[in-house]
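File shown: final_29.cif (mmCIF, C-alpha atoms).
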data_run
loop_
_atom_site.label_atom_id
_atom_site.label_comp_id
_atom_site.auth_asym_id
_atom_site.auth_seq_id
_atom_site.Cartn_x
_atom_site.Cartn_y
_atom_site.Cartn_z
CA MET A 1 -3.20 2.80 -7.40
CA ASN A 2 -1.05 5.58 -8.79
CA GLN A 3 2.62 4.73 -8.04
CA VAL A 4 3.42 8.26 -6.86
CA PHE A 5 0.50 8.39 -4.45
CA GLU A 6 1.39 4.90 -3.20
CA THR A 7 5.01 5.92 -2.57
CA ILE A 8 3.95 9.06 -0.67
CA LEU A 9 1.79 6.86 1.57
CA ALA A 10 4.45 4.15 1.88
CA ARG A 11 7.36 6.37 3.01
CA ARG A 12 8.33 5.52 6.60
CA SER A 13 11.32 6.41 8.76
CA MET A 14 13.89 3.59 8.73
CA ARG A 15 16.70 3.34 11.29
CA LYS A 16 17.98 -0.20 10.60
CA PHE A 17 20.13 -0.73 7.53
CA THR A 18 22.13 -3.59 6.06
CA SER A 19 25.88 -3.09 5.64
CA GLU A 20 25.45 -2.71 1.87
CA SER A 21 26.67 0.69 0.65
CA VAL A 22 24.50 3.04 -1.38
CA LYS A 23 25.74 3.30 -4.98
CA PRO A 24 27.02 6.78 -5.98
CA GLU A 25 24.60 6.87 -8.93
CA LEU A 26 21.66 6.40 -6.55
CA LEU A 27 22.91 9.22 -4.31
CA ASP A 28 23.18 11.40 -7.40
CA MET A 29 19.58 10.58 -8.38
CA LEU A 30 18.49 11.59 -4.88
CA LEU A 31 20.19 14.97 -5.31
CA GLN A 32 18.53 15.43 -8.69
CA ALA A 33 15.23 14.88 -6.89
CA GLY A 34 16.21 17.28 -4.10
CA MET A 35 17.15 20.05 -6.50
CA SER A 36 13.83 19.63 -8.34
CA ALA A 37 11.98 21.04 -5.32
CA PRO A 38 10.22 24.36 -5.63
CA SER A 39 11.80 27.34 -3.87
CA ALA A 40 10.58 30.87 -3.22
CA VAL A 41 11.20 32.99 -6.35
CA ASN A 42 13.30 30.01 -7.54
CA SER A 43 16.14 31.05 -5.23
CA GLN A 44 17.43 27.49 -4.73
CA PRO A 45 19.07 28.38 -1.41
CA TRP A 46 20.32 24.84 -0.80
CA GLU A 47 23.54 22.84 -0.71
CA PHE A 48 24.03 19.16 -0.02
CA VAL A 49 26.82 17.27 1.69
CA ILE A 50 26.95 13.58 0.81
CA VAL A 51 28.61 11.66 3.62
CA THR A 52 29.82 8.11 3.02
CA ASP A 53 33.23 8.24 4.75
CA GLU A 54 32.88 6.23 7.96
CA ALA A 55 35.01 8.67 9.97
CA VAL A 56 32.78 11.58 8.98
CA LEU A 57 29.62 9.53 9.59
CA GLU A 58 30.94 8.87 13.09
CA LYS A 59 31.42 12.60 13.69
CA LEU A 60 27.85 13.14 12.54
CA ARG A 61 26.56 10.47 14.94
CA ASP A 62 28.58 12.10 17.74
CA ALA A 63 26.98 15.47 16.98
CA LEU A 64 23.38 14.32 16.68
CA PRO A 65 21.52 13.06 19.78
CA PHE A 66 18.73 11.63 17.56
CA GLY A 67 21.12 10.31 14.92
CA LYS A 68 23.12 7.74 16.86
CA PHE A 69 22.09 4.81 14.64
CA HIS A 70 24.33 3.49 11.87
CA ALA A 71 23.69 4.13 8.18
CA PRO A 72 26.09 3.66 5.26
CA ALA A 73 25.32 7.12 3.87
CA ALA A 74 23.85 10.47 4.81
CA ILE A 75 22.89 13.58 2.91
CA VAL A 76 23.09 16.74 4.99
CA VAL A 77 20.72 19.34 3.57
CA CYS A 78 21.98 22.87 4.17
CA GLY A 79 20.67 26.36 3.63
CA ASN A 80 23.05 28.86 2.08
CA PRO A 81 21.47 32.26 1.40
CA VAL A 82 24.85 33.49 0.11
CA LYS A 83 24.69 31.06 -2.84
CA ALA A 84 20.94 31.60 -3.39
CA ARG A 85 19.84 33.24 -6.62
CA ASN A 86 18.01 36.05 -4.84
CA PRO A 87 17.29 37.34 -1.31
CA SER A 88 14.13 35.19 -0.95
CA GLY A 89 16.45 32.48 0.29
CA LEU A 90 17.00 34.43 3.50
CA MET A 91 13.33 34.20 4.45
CA PHE A 92 12.36 30.85 2.92
CA TRP A 93 15.44 28.62 3.06
CA GLN A 94 13.93 26.41 5.78
CA GLN A 95 10.81 25.77 3.72
CA ASP A 96 12.74 25.32 0.46
CA CYS A 97 15.23 22.91 2.03
CA SER A 98 12.38 20.97 3.67
CA ALA A 99 10.72 20.50 0.27
CA ALA A 100 14.07 19.30 -1.12
CA THR A 101 14.39 16.90 1.83
CA GLU A 102 10.92 15.44 1.23
CA ASN A 103 11.75 14.93 -2.45
CA ILE A 104 14.89 13.02 -1.44
CA LEU A 105 12.93 10.83 1.01
CA LEU A 106 10.32 9.99 -1.63
CA ALA A 107 12.92 9.28 -4.32
CA ALA A 108 14.76 7.04 -1.84
CA THR A 109 11.54 5.15 -1.10
CA ALA A 110 10.90 4.72 -4.83
CA LEU A 111 14.44 3.36 -5.29
CA GLY A 112 13.96 0.80 -2.51
CA LEU A 113 16.18 2.65 -0.03
CA GLY A 114 15.34 3.29 3.60
CA SER A 115 15.72 6.80 4.98
CA CYS A 116 15.32 8.87 8.12
CA TRP A 117 15.05 12.66 8.48
CA VAL A 118 17.20 13.67 11.46
CA GLY A 119 16.52 17.26 12.53
CA ILE A 120 19.39 19.70 13.16
CA HIS A 121 18.22 23.35 12.84
CA PRO A 122 16.79 24.98 14.99
CA ILE A 123 17.84 22.71 17.88
CA PRO A 124 20.26 24.73 20.02
CA ILE A 125 23.97 23.86 19.61
CA LEU A 126 23.46 21.15 16.93
CA PRO A 127 24.08 23.34 13.85
CA ARG A 128 27.38 24.43 15.39
CA LEU A 129 28.46 20.83 16.04
CA VAL A 130 27.54 19.72 12.52
CA ARG A 131 29.32 22.74 11.04
CA LYS A 132 32.44 21.56 12.82
CA ALA A 133 32.04 17.92 11.72
CA LEU A 134 31.57 18.83 8.04
CA ARG A 135 33.71 21.99 8.01
CA LEU A 136 30.77 24.15 6.94
CA PRO A 137 31.36 27.90 6.86
CA PRO A 138 29.35 29.93 9.39
CA TRP A 139 26.86 31.22 6.80
CA VAL A 140 25.81 27.66 5.83
CA THR A 141 23.18 26.19 8.16
CA PRO A 142 22.54 22.44 8.23
CA LEU A 143 18.76 21.90 8.33
CA CYS A 144 18.80 18.12 8.69
CA ALA A 145 20.70 14.93 7.97
CA ILE A 146 18.99 12.27 5.88
CA TYR A 147 20.34 8.87 6.91
CA LEU A 148 20.19 6.41 4.02
CA GLY A 149 20.77 2.75 3.33
CA HIS A 150 19.24 -0.52 2.31
CA PRO A 151 16.51 -1.28 4.86
CA GLN A 152 16.83 -4.32 7.09
CA PHE A 153 13.09 -4.94 6.80
CA ILE A 154 10.01 -3.53 5.13
CA LYS A 155 7.68 -1.30 7.12
CA ASN A 156 4.05 -1.25 6.02
CA ALA A 157 2.36 2.03 5.13
CA LYS A 158 0.62 3.63 8.11
CA SER A 159 -2.12 6.17 7.51
CA LYS A 160 -1.99 9.40 9.49
CA TYR A 161 -5.09 10.79 7.78
CA ASP A 162 -7.18 12.70 10.30
CA PRO A 163 -10.42 14.38 9.16
CA ALA A 164 -10.30 16.61 12.28
CA LYS A 165 -7.35 18.42 10.66
CA ILE A 166 -9.41 19.48 7.64
CA HIS A 167 -11.47 22.67 7.39
CA TYR A 168 -13.65 23.87 4.53
CA ASN A 169 -13.41 27.52 3.43
CA THR A 170 -13.16 28.84 6.96
CA TYR A 171 -11.81 27.45 10.21
CA ARG A 172 -14.24 25.73 12.58
CA GLN A 173 -12.99 25.50 16.16
CA MET B 1 12.08 5.80 -15.79
CA ASN B 2 10.61 5.33 -12.34
CA GLN B 3 7.23 7.12 -12.24
CA VAL B 4 7.93 8.71 -8.84
CA PHE B 5 11.29 10.09 -9.90
CA GLU B 6 9.73 11.34 -13.14
CA THR B 7 6.94 13.14 -11.25
CA ILE B 8 9.41 14.79 -8.88
CA LEU B 9 11.32 16.12 -11.89
CA ALA B 10 8.13 17.08 -13.76
CA ARG B 11 6.50 19.19 -11.01
CA ARG B 12 6.37 22.85 -12.07
CA SER B 13 4.54 25.89 -10.72
CA MET B 14 1.30 26.50 -12.69
CA ARG B 15 -0.60 29.79 -12.51
CA LYS B 16 -3.07 29.33 -15.40
CA PHE B 17 -6.04 27.06 -14.84
CA THR B 18 -9.16 26.13 -16.77
CA SER B 19 -12.52 26.93 -15.19
CA GLU B 20 -13.08 23.22 -14.38
CA SER B 21 -13.46 22.66 -10.64
CA VAL B 22 -11.32 20.19 -8.70
CA LYS B 23 -13.36 17.17 -7.57
CA PRO B 24 -13.73 16.84 -3.78
CA GLU B 25 -12.34 13.29 -3.92
CA LEU B 26 -9.15 14.59 -5.54
CA LEU B 27 -8.77 17.28 -2.86
CA ASP B 28 -9.21 14.56 -0.25
CA MET B 29 -6.46 12.46 -1.89
CA LEU B 30 -4.17 15.48 -1.76
CA LEU B 31 -4.78 15.82 1.97
CA GLN B 32 -4.07 12.12 2.46
CA ALA B 33 -0.74 12.76 0.74
CA GLY B 34 -0.09 15.85 2.87
CA MET B 35 -0.76 14.04 6.13
CA SER B 36 1.61 11.23 5.07
CA ALA B 37 4.56 13.59 5.43
CA PRO B 38 7.12 12.94 8.15
CA SER B 39 7.12 15.28 11.15
CA ALA B 40 9.51 15.71 14.05
CA VAL B 41 8.73 13.06 16.71
CA ASN B 42 5.55 12.41 14.65
CA SER B 43 3.95 15.55 16.10
CA GLN B 44 1.81 16.22 12.99
CA PRO B 45 1.52 19.95 13.80
CA TRP B 46 -0.56 20.70 10.71
CA GLU B 47 -4.07 21.68 9.69
CA PHE B 48 -5.48 22.27 6.23
CA VAL B 49 -8.12 24.65 4.97
CA ILE B 50 -9.65 23.64 1.64
CA VAL B 51 -10.95 26.72 -0.13
CA THR B 52 -13.34 26.32 -3.07
CA ASP B 53 -15.90 29.02 -2.25
CA GLU B 54 -15.31 31.83 -4.75
CA ALA B 55 -15.94 34.56 -2.14
CA VAL B 56 -13.26 33.09 0.14
CA LEU B 57 -10.87 32.56 -2.78
CA GLU B 58 -11.28 36.24 -3.55
CA LYS B 59 -10.41 37.18 0.03
CA LEU B 60 -7.31 35.01 -0.29
CA ARG B 61 -6.30 36.74 -3.53
CA ASP B 62 -6.84 40.11 -1.84
CA ALA B 63 -4.56 39.09 1.01
CA LEU B 64 -1.71 37.61 -1.05
CA PRO B 65 0.46 39.89 -3.21
CA PHE B 66 1.91 36.83 -5.02
CA GLY B 67 -1.40 35.00 -5.20
CA LYS B 68 -3.49 37.32 -7.37
CA PHE B 69 -4.10 34.72 -10.11
CA HIS B 70 -7.31 32.72 -10.33
CA ALA B 71 -7.55 29.06 -9.35
CA PRO B 72 -10.70 27.02 -8.68
CA ALA B 73 -9.32 25.65 -5.40
CA ALA B 74 -6.67 26.28 -2.79
CA ILE B 75 -5.36 24.36 0.18
CA VAL B 76 -3.98 26.60 2.93
CA VAL B 77 -1.41 24.65 4.95
CA CYS B 78 -1.28 25.83 8.55
CA GLY B 79 0.87 25.09 11.58
CA ASN B 80 -0.96 24.52 14.85
CA PRO B 81 1.34 23.58 17.73
CA VAL B 82 -1.71 23.47 20.04
CA LYS B 83 -3.14 20.49 18.13
CA ALA B 84 0.28 18.84 17.67
CA ARG B 85 0.87 15.52 19.41
CA ASN B 86 3.92 16.80 21.29
CA PRO B 87 5.96 19.99 21.77
CA SER B 88 8.26 19.22 18.80
CA GLY B 89 5.66 20.96 16.69
CA LEU B 90 6.67 24.28 18.22
CA MET B 91 10.19 24.02 16.82
CA PHE B 92 9.59 22.08 13.62
CA TRP B 93 6.13 23.05 12.33
CA GLN B 94 7.59 25.03 9.41
CA GLN B 95 9.65 22.07 8.23
CA ASP B 96 6.84 19.56 8.83
CA CYS B 97 4.26 21.69 7.01
CA SER B 98 6.71 22.24 4.13
CA ALA B 99 7.13 18.47 3.73
CA ALA B 100 3.32 18.11 3.74
CA THR B 101 3.09 20.87 1.11
CA GLU B 102 5.63 19.15 -1.15
CA ASN B 103 3.67 15.87 -0.84
CA ILE B 104 0.52 17.71 -1.93
CA LEU B 105 2.30 19.29 -4.93
CA LEU B 106 3.65 15.93 -6.05
CA ALA B 107 0.33 14.14 -5.60
CA ALA B 108 -1.35 16.94 -7.58
CA THR B 109 1.19 16.52 -10.39
CA ALA B 110 0.61 12.76 -10.40
CA LEU B 111 -3.16 13.34 -10.63
CA GLY B 112 -2.76 15.69 -13.60
CA LEU B 113 -3.51 18.84 -11.61
CA GLY B 114 -1.53 22.06 -11.79
CA SER B 115 -0.39 23.70 -8.56
CA CYS B 116 1.50 26.66 -7.19
CA TRP B 117 3.02 27.15 -3.72
CA VAL B 118 2.23 30.70 -2.61
CA GLY B 119 4.28 31.72 0.46
CA ILE B 120 2.60 33.35 3.48
CA HIS B 121 4.70 32.90 6.64
CA PRO B 122 7.12 34.59 7.47
CA ILE B 123 6.27 37.52 5.18
CA PRO B 124 5.29 40.41 7.46
CA ILE B 125 1.53 41.12 7.74
CA LEU B 126 0.40 38.27 5.42
CA PRO B 127 -0.35 35.67 8.13
CA ARG B 128 -2.57 38.22 9.85
CA LEU B 129 -4.48 38.98 6.64
CA VAL B 130 -4.98 35.28 5.86
CA ARG B 131 -6.08 34.61 9.45
CA LYS B 132 -8.79 37.21 8.95
CA ALA B 133 -9.86 35.82 5.54
CA LEU B 134 -10.17 32.24 6.82
CA ARG B 135 -11.15 33.06 10.43
CA LEU B 136 -8.10 31.27 11.81
CA PRO B 137 -7.48 31.57 15.56
CA PRO B 138 -4.32 33.48 16.52
CA TRP B 139 -2.37 30.32 17.42
CA VAL B 140 -2.80 28.86 13.92
CA THR B 141 -0.23 30.17 11.43
CA PRO B 142 -0.79 29.80 7.69
CA LEU B 143 2.51 28.70 6.10
CA CYS B 144 1.40 28.82 2.47
CA ALA B 145 -1.53 28.56 0.10
CA ILE B 146 -1.40 25.89 -2.59
CA TYR B 147 -3.40 27.08 -5.59
CA LEU B 148 -4.84 24.15 -7.53
CA GLY B 149 -6.71 23.47 -10.73
CA HIS B 150 -6.64 21.83 -14.12
CA PRO B 151 -3.68 23.35 -15.98
CA GLN B 152 -4.30 25.41 -19.11
CA PHE B 153 -1.18 23.91 -20.69
CA ILE B 154 1.59 21.44 -19.96
CA LYS B 155 4.97 22.72 -18.81
CA ASN B 156 7.96 20.55 -19.61
CA ALA B 157 10.27 19.36 -16.84
CA LYS B 158 13.18 21.75 -16.26
CA SER B 159 16.31 20.48 -14.54
CA LYS B 160 17.76 22.59 -11.73
CA TYR B 161 20.52 20.06 -11.03
CA ASP B 162 23.73 21.91 -10.18
CA PRO B 163 26.88 19.92 -9.32
CA ALA B 164 28.33 23.04 -7.64
CA LYS B 165 25.76 22.55 -4.86
CA ILE B 166 27.12 19.09 -3.98
CA HIS B 167 29.91 18.40 -1.50
CA TYR B 168 31.46 15.08 -0.54
CA ASN B 169 32.09 14.31 3.16
CA THR B 170 33.26 17.82 3.95
CA TYR B 171 32.52 21.24 2.52
CA ARG B 172 34.83 22.65 -0.15
CA GLN B 173 34.65 26.40 -0.53
#
What is this file in structure tokens?
Amino acid sequence: MNQVFETILARRSMRKFTSESVKPELLDMLLQAGMSAPSAVNSQPWEFVIVTDEAVLEKLRDALPFGKFHAPAAIVVCGNPVKARNPSGLMFWQQDCSAATENILLAATALGLGSCWVGIHPIPILPRLVRKALRLPPWVTPLCAIYLGHPQFIKNAKSKYDPAKIHYNTYRQ
Amino acid sequence: MNQVFETILARRSMRKFTSESVKPELLDMLLQAGMSAPSAVNSQPWEFVIVTDEAVLEKLRDALPFGKFHAPAAIVVCGNPVKARNPSGLMFWQQDCSAATENILLAATALGLGSCWVGIHPIPILPRLVRKALRLPPWVTPLCAIYLGHPQFIKNAKSKYDPAKIHYNTYRQ
């Protein structure tokens, strides 16, 4: 089967990592993948914080109720309409940053890394706590944290295909 | 280079298609890819409308100011918190559906198809017009239309990598 299609189907959330660190060159490849995402009117309204410092990772775990598990690295994907190339970022930053996040998850899977998308925005209070942990300015909004590492085990692909979610030409209720 | 990484970097927006139709089995593979996306608490708050009927495609073009170009097929990605597996869909459907959209774009690229993400939500009025065109119920919100077809030409990969968008451990202004 096509390797891309296979990787899309194989991506699973991983929350158990070995203690092995993630090489800087792999993290850089993941950001190349993230920044290759499409964005509305090519506004690229994103910024990325790579976290590998254990003290900062701990602050992140403290801030995130669904991110208490340990990973050797995290990429926090943020929206920043101020640094976007045009005002489309204001309306579409969530969608653009989500596409960037999915690219990072798929690239991680292809590189043999495990990953987990931990939601931040729009859960009340969490963006404020993460801003504090990472010293983000108030106009930068963390969308999610991607926890990354070498997986402790391999999860098999699990199909979520559901024909009931498909409509042809018009919606049938 | 890794085929997945290469495809992520190679994906470009395509707005010129040949008249060749997109085979139903390819559209089905794209939906398999879309439904393999992660979603908050696995709520899967998505639905997909495959549009290949020329009369409906025309209605879609009429509704979308940035989707006036001709494509032989479109997939309209919709959020439906009512059909989601849990209430997380209410908060995260935009992010979840964006991840599904990116999976579809990458799978299309891998299959040799051209694609373009045409934004709908949250542009004022557009969701209402698309609801009418596709007979969507009021609780289903179209996030975007993915126009699809066989590309008229090949676009080269274009790097958007920008080191100024990367921060390490904490934000530097």
| request: Report as a PyMOL selection string the full result of the PyMOL selection byres ((chain B and resi 64) around 9) when it is applied to this structure. | output: chain B and resi 59-63+65-68+118-120+126+129-130
| the PyMOL selection byres ((chain B) within 6 of (chain A)) applied to the shown file, residues as a list in words | Val4, Phe5, Leu9, Gln32, Met35, Ser36, Glu47, Phe48, Val49, Ile50, Val51, Gln95, Ser98, Ala99, Glu102, Ala107, Leu134, Arg135, Leu136, Lys160, Tyr161, Lys165, Ile166, His167, Tyr168, Asn169, Thr170 and Tyr171 of chain B
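With atom CA of Ser115 of chain A on one side and atom CA of Pro24 of chain A on the other, the separation reads 15.7 Å.
In this structure, atom CA of Pro151 of chain A sits 9.6 Å away from atom CA of Ser19 of chain A.
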| atom CA of Ser43 of chain B and atom CA of Pro87 of chain B are how many Å apart? | 7.5 Å
| request: I would like the residues chosen by the PyMOL selection byres ((chain B and resi 149) around 8) on the shown file; could you give them as a ChimeraX atom specification? | output: /B:17-18,20-22,71-73,113-115,147-148,150-151
Put those residues in a file: C-alpha atoms, as a compact mmCIF listing (two decimals), in the frame of the given file.
# COMPACT_ATOMS: atom_id res chain seq x y z
CA PHE B 17 -6.04 27.06 -14.84
CA THR B 18 -9.16 26.13 -16.77
CA GLU B 20 -13.08 23.22 -14.38
CA SER B 21 -13.46 22.66 -10.64
CA VAL B 22 -11.32 20.19 -8.70
CA ALA B 71 -7.55 29.06 -9.35
CA PRO B 72 -10.70 27.02 -8.68
CA ALA B 73 -9.32 25.65 -5.40
CA LEU B 113 -3.51 18.84 -11.61
CA GLY B 114 -1.53 22.06 -11.79
CA SER B 115 -0.39 23.70 -8.56
CA TYR B 147 -3.40 27.08 -5.59
CA LEU B 148 -4.84 24.15 -7.53
CA HIS B 150 -6.64 21.83 -14.12
CA PRO B 151 -3.68 23.35 -15.98
Centre, x/y/z edge lengths, axis-aligned box for segment 20-27 of chain A with 3 Å per side, as JSON:
{"center_x": 24.3, "center_y": 3.3, "center_z": -3.5, "size_x": 11.4, "size_y": 17.9, "size_z": 16.8}
